[in-house]
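The structure appears below as structure tokens.
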Amino acid sequence: MMKEALYYEKLDNKKVHCRLCPHECMIADGKRGFCGVRVNSAGTLYSEIYGKMTSMALDPIEKKPLYRYHPGEYILSLGTKGCNFRCDFCQNWQISQEMDARLEEITSDQIIRKAKELKSFGIAYTYNEPFIWFEFVLETAKLAAANGLENVLVTNGYVNPKPLDEILPYIGAMNIDLKSMDEDFYKKTCKATLKPVLDTIKRSVRSCHVEVTNLLIPTLNDSEDCVRRLVDWVYENAGAETPLHFSRYFPCYKMKIAPTPFETLKMAERIAKEKLKYVYLGNV
């Protein structure tokens with residue numbers, strides 16, 4: 001069920017240039033992009049995860065986390081495998097970083113029927129990075145919208161402007177991870193860059209409901225200065241009513257740093273409430 005990818009260019013010698021995310025991968029014949037799920041076959045780029053999922057569940061919307069969007073309701077949530085980040089602290093590493101994760105085939109029609117059967121108000125694309133599942137998420141989101149269902153993205157925000165602008169008209173809400181305001185943090189810990197994430201937040205708040213999540217990791221992004229810079233940026237670029245979630249870190253995947261002290265989260269909450277109306281603590 002491989003599907004020809006959107007947003008790529010064919011180059012000489014059967015190479016391709018993927019234009020979906022800011023990694024802008026140049027992919028040789030037979031090789032995959034950074035995300036691990038977009039493959040060049042004889043000069044054509046394909047999505048290996050089109051119509052394939054690893055996980056599906058009916059979740060409270062607050063689990064996304066989204067606290068100011070359909071509160072108290074449940075949403076059909078699904079994800080696949082792969083990611084365009086390499087976070088050392090990934091909490092879903094079994095499906096985002098391990099390429100042998102077990103996949104099940106599913107169609108957009110089946111997802112819509114399941115959502116209606118479970119009386120879900122919509123569909124959340126989550127668990128791993130939904131933007132690398134772009135072709136299938138776009139198709140499903142269009143069908144969901146046509147059937148009166150809402151669409152939610154839980155994302156790292158690492159996507160190029162053109163694909164983002166194509167899908168935004170079908171999206172009701174997004175939770176976007178803003179992992180730090182430090183470029184070095186993104187480069188060293190996530191193997192990515194900061195600016196595209198900031199750009200995604202600024203573009204998305206003009207189109208749909210957005211909530212921002214920041215995972216506080218001791219010694220890496222949990223200082224008062226780190227928190228203030230992040231809060232100031234959200235206030236100035238997304239607005240005082242944009243909900244901000246500070247999430248408690250626990251050791252996971254490759255990272256062994258001790259869990260975030262509760263006092264650190266309370267400090268972050270106090271600073272954020274100086275400027276933002278909705279501030280929440282998670283994993284506590």
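For the structure tokens, the naming scheme is as follows: chains receive sequential letters (A, B, ...) according to their order of presentation, residues are indexed from 1 within each chain, and ligands are indexed from 1 in presentation order.
Residue neighbourhood of Lys191 of chain A, excluding near-sequence residues (fewer than 4 positions): Pro22, His23, Phe34, Cys35, Cys83, Asn84, Phe85, Arg86, Cys87, Asp88, Tyr158, Glu183, Asp184, Phe185, Tyr186 and Lys187 of chain A, at 12 Å, using only C-alpha atoms.
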All residues 8 Å or closer to segment 201-209 of chain A, only C-alpha atoms, same chain fewer than 5 positions away omitted, as a count of residues only: 11
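Between atom CA of Glu105 of chain A and atom CA of Thr80 of chain A the interatomic distance comes to 10.2 Å.
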Point-to-point distance in Å for atom CA of Pro218 of chain A and atom CA of Tyr249 of chain A: 8.2 Å
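Proximity of A:Cys190, A:Ile271, A:Leu198, A:Val210 to Asp225 of chain A, computed with only C-alpha atoms, is greatest for A:Ile271.
Taking only C-alpha atoms into account, Ile167 of chain A lies nearest to A:Val137 out of the set A:Val137, A:Lys179, A:Ala28, A:Pro196.
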Thr155 of chain A environment, 10 Å, only C-alpha atoms, sequence neighbours closer than 2 positions dropped, as a ChimeraX atom specification: /A:64,125-131,152-153,157-159,174-178,197,212-213
Output N, CA and C atoms of each residue in that selection to a file, as a PDB file, in the first residue's frame.
```pdb
ATOM      1  N   LYS A  64      -4.354  14.741  25.157  1.00  0.00           N
ATOM      2  CA  LYS A  64      -3.552  15.115  23.981  1.00  0.00           C
ATOM      3  C   LYS A  64      -2.277  15.902  24.287  1.00  0.00           C
ATOM      4  N   TYR A 125      -4.639  12.736  15.321  1.00  0.00           N
ATOM      5  CA  TYR A 125      -3.473  12.091  14.727  1.00  0.00           C
ATOM      6  C   TYR A 125      -2.326  12.348  15.696  1.00  0.00           C
ATOM      7  N   THR A 126      -1.858  11.294  16.365  1.00  0.00           N
ATOM      8  CA  THR A 126      -1.025  11.461  17.539  1.00  0.00           C
ATOM      9  C   THR A 126      -0.156  10.224  17.741  1.00  0.00           C
ATOM     10  N   TYR A 127       0.431  10.090  18.908  1.00  0.00           N
ATOM     11  CA  TYR A 127       1.308   8.987  19.337  1.00  0.00           C
ATOM     12  C   TYR A 127       2.703   9.065  18.711  1.00  0.00           C
ATOM     13  N   ASN A 128       2.786   9.252  17.389  1.00  0.00           N
ATOM     14  CA  ASN A 128       4.077   9.589  16.769  1.00  0.00           C
ATOM     15  C   ASN A 128       3.863  10.916  16.026  1.00  0.00           C
ATOM     16  N   GLU A 129       4.793  11.299  15.158  1.00  0.00           N
ATOM     17  CA  GLU A 129       4.664  12.593  14.473  1.00  0.00           C
ATOM     18  C   GLU A 129       3.717  12.500  13.277  1.00  0.00           C
ATOM     19  N   PRO A 130       2.552  13.149  13.316  1.00  0.00           N
ATOM     20  CA  PRO A 130       1.580  13.004  12.233  1.00  0.00           C
ATOM     21  C   PRO A 130       1.995  13.630  10.900  1.00  0.00           C
ATOM     22  N   PHE A 131       2.863  14.635  10.914  1.00  0.00           N
ATOM     23  CA  PHE A 131       3.207  15.271   9.644  1.00  0.00           C
ATOM     24  C   PHE A 131       3.993  14.346   8.710  1.00  0.00           C
ATOM     25  N   VAL A 152      -7.656  16.770  14.849  1.00  0.00           N
ATOM     26  CA  VAL A 152      -6.687  17.277  15.818  1.00  0.00           C
ATOM     27  C   VAL A 152      -5.312  16.731  15.473  1.00  0.00           C
ATOM     28  N   LEU A 153      -4.300  17.588  15.503  1.00  0.00           N
ATOM     29  CA  LEU A 153      -2.913  17.169  15.319  1.00  0.00           C
ATOM     30  C   LEU A 153      -2.152  17.374  16.616  1.00  0.00           C
ATOM     31  N   GLY A 157       5.580  20.111  15.288  1.00  0.00           N
ATOM     32  CA  GLY A 157       5.548  21.353  14.521  1.00  0.00           C
ATOM     33  C   GLY A 157       6.610  21.478  13.451  1.00  0.00           C
ATOM     34  N   TYR A 158       7.313  20.370  13.154  1.00  0.00           N
ATOM     35  CA  TYR A 158       8.435  20.446  12.213  1.00  0.00           C
ATOM     36  C   TYR A 158       7.951  20.094  10.814  1.00  0.00           C
ATOM     37  N   VAL A 159       7.411  21.093  10.132  1.00  0.00           N
ATOM     38  CA  VAL A 159       6.838  20.900   8.802  1.00  0.00           C
ATOM     39  C   VAL A 159       7.076  22.179   8.003  1.00  0.00           C
ATOM     40  N   MET A 174      -4.667  21.974  17.418  1.00  0.00           N
ATOM     41  CA  MET A 174      -3.338  21.384  17.434  1.00  0.00           C
ATOM     42  C   MET A 174      -2.745  21.533  18.827  1.00  0.00           C
ATOM     43  N   ASN A 175      -2.048  20.503  19.277  1.00  0.00           N
ATOM     44  CA  ASN A 175      -1.127  20.678  20.396  1.00  0.00           C
ATOM     45  C   ASN A 175       0.273  20.586  19.814  1.00  0.00           C
ATOM     46  N   ILE A 176       1.053  21.643  20.005  1.00  0.00           N
ATOM     47  CA  ILE A 176       2.380  21.723  19.410  1.00  0.00           C
ATOM     48  C   ILE A 176       3.429  21.741  20.511  1.00  0.00           C
ATOM     49  N   ASP A 177       4.382  20.834  20.425  1.00  0.00           N
ATOM     50  CA  ASP A 177       5.499  20.806  21.365  1.00  0.00           C
ATOM     51  C   ASP A 177       6.458  21.950  21.055  1.00  0.00           C
ATOM     52  N   LEU A 178       6.713  22.768  22.058  1.00  0.00           N
ATOM     53  CA  LEU A 178       7.798  23.753  21.974  1.00  0.00           C
ATOM     54  C   LEU A 178       8.801  23.329  23.034  1.00  0.00           C
ATOM     55  N   VAL A 197       9.634  25.356  14.042  1.00  0.00           N
ATOM     56  CA  VAL A 197       8.589  25.087  15.040  1.00  0.00           C
ATOM     57  C   VAL A 197       7.897  26.390  15.427  1.00  0.00           C
ATOM     58  N   VAL A 212       0.080  24.771  23.552  1.00  0.00           N
ATOM     59  CA  VAL A 212       1.517  24.524  23.476  1.00  0.00           C
ATOM     60  C   VAL A 212       1.950  23.696  24.676  1.00  0.00           C
ATOM     61  N   THR A 213       2.832  22.731  24.448  1.00  0.00           N
ATOM     62  CA  THR A 213       3.369  21.900  25.523  1.00  0.00           C
ATOM     63  C   THR A 213       4.882  22.045  25.600  1.00  0.00           C
TER      64      THR A 213
END
```
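Nearest residue to His70 of chain A, choosing from A:Phe121, A:Met56, A:Ala115, A:Lys277 and counting only C-alpha atoms: A:Phe121.
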In segment 169-198 of chain A, DSSP strand (DSSP E or B) residues written as number ranges by chain: A: 173-177
Take the selection from the previous step and output its residues with N, CA and C atoms, as an mmCIF file, in the first residue's frame.
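Written output follows (again.cif):
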```cif
data_model
loop_
_atom_site.group_PDB
_atom_site.id
_atom_site.type_symbol
_atom_site.label_atom_id
_atom_site.label_comp_id
_atom_site.auth_asym_id
_atom_site.auth_seq_id
_atom_site.Cartn_x
_atom_site.Cartn_y
_atom_site.Cartn_z
ATOM 1 N N ALA A 173 -7.900 21.763 15.834
ATOM 2 C CA ALA A 173 -7.027 22.079 16.965
ATOM 3 C C ALA A 173 -5.691 21.376 16.803
ATOM 4 N N MET A 174 -4.667 21.974 17.418
ATOM 5 C CA MET A 174 -3.338 21.384 17.434
ATOM 6 C C MET A 174 -2.745 21.533 18.827
ATOM 7 N N ASN A 175 -2.048 20.503 19.277
ATOM 8 C CA ASN A 175 -1.127 20.678 20.396
ATOM 9 C C ASN A 175 0.273 20.586 19.814
ATOM 10 N N ILE A 176 1.053 21.643 20.005
ATOM 11 C CA ILE A 176 2.380 21.723 19.410
ATOM 12 C C ILE A 176 3.429 21.741 20.511
ATOM 13 N N ASP A 177 4.382 20.834 20.425
ATOM 14 C CA ASP A 177 5.499 20.806 21.365
ATOM 15 C C ASP A 177 6.458 21.950 21.055
#
```
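Residues in contact with segment 139-145 of chain A at 7 Å, where only C-alpha atoms are counted and same-chain residues fewer than 3 positions away are skipped, are listed as A:Ser108, A:Ile112, A:Glu135, A:Phe136, A:Gly148, A:Leu149, A:Glu150, A:Asn151, A:Tyr170.
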Proximity to Asn214 of chain A - best of A:Thr200, A:Ser180, A:Thr189, A:Gln91, only C-alpha atoms: A:Ser180
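Those residues that approach Tyr50 of chain A to within 7 Å, counting only C-alpha atoms, are Met1, Met2, Lys3, Ser47, Glu48, Lys52, Trp133, Glu135 and Phe136 of chain A; same-chain residues fewer than 2 positions away are not listed.
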Please produce a file of those selected residues containing N, CA and C atoms, as an mmCIF file, in the first residue's frame.
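Heads up, here's the output in result-v1.cif:
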```
data_model
loop_
_atom_site.group_PDB
_atom_site.id
_atom_site.type_symbol
_atom_site.label_atom_id
_atom_site.label_comp_id
_atom_site.auth_asym_id
_atom_site.auth_seq_id
_atom_site.Cartn_x
_atom_site.Cartn_y
_atom_site.Cartn_z
ATOM 1 N N MET A 1 0.826 -1.206 0.000
ATOM 2 C CA MET A 1 0.000 0.000 0.000
ATOM 3 C C MET A 1 0.860 1.257 0.000
ATOM 4 N N MET A 2 2.028 1.219 -0.610
ATOM 5 C CA MET A 2 2.838 2.428 -0.684
ATOM 6 C C MET A 2 2.140 3.465 -1.564
ATOM 7 N N LYS A 3 2.262 4.720 -1.191
ATOM 8 C CA LYS A 3 1.607 5.820 -1.885
ATOM 9 C C LYS A 3 2.669 6.822 -2.316
ATOM 10 N N SER A 47 5.480 7.079 0.383
ATOM 11 C CA SER A 47 5.222 6.930 1.811
ATOM 12 C C SER A 47 4.997 5.456 2.105
ATOM 13 N N GLU A 48 5.825 4.900 2.975
ATOM 14 C CA GLU A 48 5.670 3.488 3.340
ATOM 15 C C GLU A 48 4.584 3.274 4.396
ATOM 16 N N LYS A 52 -1.407 2.726 7.089
ATOM 17 C CA LYS A 52 -0.860 1.779 8.063
ATOM 18 C C LYS A 52 -0.738 2.461 9.416
ATOM 19 N N TRP A 133 3.187 11.383 8.207
ATOM 20 C CA TRP A 133 2.089 10.542 7.697
ATOM 21 C C TRP A 133 1.202 11.404 6.796
ATOM 22 N N GLU A 135 0.329 12.250 3.689
ATOM 23 C CA GLU A 135 -0.599 11.875 2.614
ATOM 24 C C GLU A 135 -1.869 11.236 3.180
ATOM 25 N N PHE A 136 -1.706 10.362 4.159
ATOM 26 C CA PHE A 136 -2.857 9.669 4.732
ATOM 27 C C PHE A 136 -3.634 10.583 5.680
#
```
Computed interatomic separation between atom CA of Gly79 of chain A and atom CA of Ala101 of chain A (Å): 11.6 Å
Residue neighbourhood segment 261-270 of chain A, 12 Å, only C-alpha atoms, exclusion window fewer than 6 positions, as number ranges by chain: A: 214-219, 221-231, 243-250, 276-284
Could you please take those selected residues and save N, CA and C atoms as a CSV table (one decimal), in the first residue's frame?
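Final output, saved to part-v6.csv:
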```
chain,number,residue,atom,x,y,z
A,214,ASN,N,5.4,22.2,26.8
A,214,ASN,CA,6.8,22.2,27.1
A,214,ASN,C,7.2,21.2,28.1
A,215,LEU,N,8.0,20.2,27.7
A,215,LEU,CA,8.5,19.2,28.7
A,215,LEU,C,9.7,19.7,29.4
A,216,LEU,N,9.6,19.9,30.7
A,216,LEU,CA,10.7,20.5,31.5
A,216,LEU,C,11.7,19.4,31.9
A,217,ILE,N,12.9,19.5,31.4
A,217,ILE,CA,14.0,18.5,31.7
A,217,ILE,C,15.1,19.1,32.6
A,218,PRO,N,15.3,18.6,33.7
A,218,PRO,CA,16.3,19.1,34.6
A,218,PRO,C,17.7,19.3,33.9
A,219,THR,N,18.3,20.5,34.1
A,219,THR,CA,19.6,20.9,33.6
A,219,THR,C,19.6,21.2,32.2
A,221,ASN,N,16.5,22.4,30.1
A,221,ASN,CA,15.6,23.5,29.7
A,221,ASN,C,14.7,24.0,30.8
A,222,ASP,N,15.1,23.8,32.1
A,222,ASP,CA,14.2,24.1,33.2
A,222,ASP,C,14.6,25.3,34.1
A,223,SER,N,15.6,26.1,33.6
A,223,SER,CA,16.0,27.3,34.4
A,223,SER,C,14.9,28.3,34.3
A,224,GLU,N,14.9,29.3,35.2
A,224,GLU,CA,14.0,30.4,35.2
A,224,GLU,C,14.1,31.2,33.9
A,225,ASP,N,15.3,31.3,33.4
A,225,ASP,CA,15.6,32.1,32.2
A,225,ASP,C,14.9,31.3,31.0
A,226,CYS,N,15.1,30.0,30.9
A,226,CYS,CA,14.5,29.2,29.9
A,226,CYS,C,13.0,29.4,29.9
A,227,VAL,N,12.4,29.3,31.1
A,227,VAL,CA,11.0,29.4,31.2
A,227,VAL,C,10.5,30.7,30.8
A,228,ARG,N,11.1,31.8,31.2
A,228,ARG,CA,10.7,33.1,30.9
A,228,ARG,C,10.8,33.4,29.4
A,229,ARG,N,11.8,33.0,28.8
A,229,ARG,CA,12.0,33.2,27.3
A,229,ARG,C,10.8,32.5,26.6
A,230,LEU,N,10.5,31.3,27.0
A,230,LEU,CA,9.4,30.5,26.3
A,230,LEU,C,8.1,31.2,26.6
A,231,VAL,N,7.8,31.6,27.8
A,231,VAL,CA,6.5,32.2,28.1
A,231,VAL,C,6.4,33.6,27.4
A,243,PRO,N,-3.3,28.3,25.7
A,243,PRO,CA,-2.9,27.5,26.8
A,243,PRO,C,-1.5,27.0,26.7
A,244,LEU,N,-0.8,26.9,27.8
A,244,LEU,CA,0.5,26.4,27.9
A,244,LEU,C,0.6,25.3,28.9
A,245,HIS,N,1.1,24.1,28.5
A,245,HIS,CA,1.2,23.0,29.4
A,245,HIS,C,2.7,22.7,29.7
A,246,PHE,N,3.0,22.7,31.0
A,246,PHE,CA,4.3,22.3,31.4
A,246,PHE,C,4.2,20.8,31.9
A,247,SER,N,5.0,20.0,31.2
A,247,SER,CA,4.9,18.6,31.5
A,247,SER,C,6.1,18.1,32.2
A,248,ARG,N,5.9,17.2,33.2
A,248,ARG,CA,7.0,16.6,34.0
A,248,ARG,C,7.7,15.5,33.2
A,249,TYR,N,9.0,15.6,33.2
A,249,TYR,CA,9.9,14.6,32.5
A,249,TYR,C,10.1,13.5,33.4
A,250,PHE,N,10.2,12.3,32.9
A,250,PHE,CA,10.7,11.1,33.5
A,250,PHE,C,11.7,10.4,32.6
A,276,LEU,N,0.2,34.6,31.0
A,276,LEU,CA,-0.8,33.8,30.3
A,276,LEU,C,-2.0,33.4,31.1
A,277,LYS,N,-3.1,33.3,30.4
A,277,LYS,CA,-4.4,33.1,31.2
A,277,LYS,C,-4.6,31.6,31.6
A,278,TYR,N,-4.1,30.7,30.7
A,278,TYR,CA,-4.3,29.3,30.9
A,278,TYR,C,-3.0,28.5,31.0
A,279,VAL,N,-2.7,28.1,32.2
A,279,VAL,CA,-1.4,27.4,32.4
A,279,VAL,C,-1.7,26.1,33.2
A,280,TYR,N,-1.1,25.0,32.7
A,280,TYR,CA,-1.5,23.7,33.2
A,280,TYR,C,-0.2,22.9,33.5
A,281,LEU,N,-0.2,22.0,34.5
A,281,LEU,CA,0.9,21.1,34.8
A,281,LEU,C,0.5,19.7,34.4
A,282,GLY,N,1.4,18.9,33.8
A,282,GLY,CA,1.1,17.5,33.4
A,282,GLY,C,2.1,16.5,33.9
A,283,ASN,N,1.7,15.3,34.0
A,283,ASN,CA,2.5,14.2,34.5
A,283,ASN,C,2.9,14.4,35.9
A,284,VAL,N,2.0,15.0,36.7
A,284,VAL,CA,2.3,15.2,38.1
A,284,VAL,C,1.4,14.4,39.0
```
Exercise: Ile27 of chain A partners within 7 Å, only C-alpha atoms, chain neighbours under 5 positions left out, as a list in words: Lys15, Val16, His17, Arg32, Gly33 and Asn40 of chain A
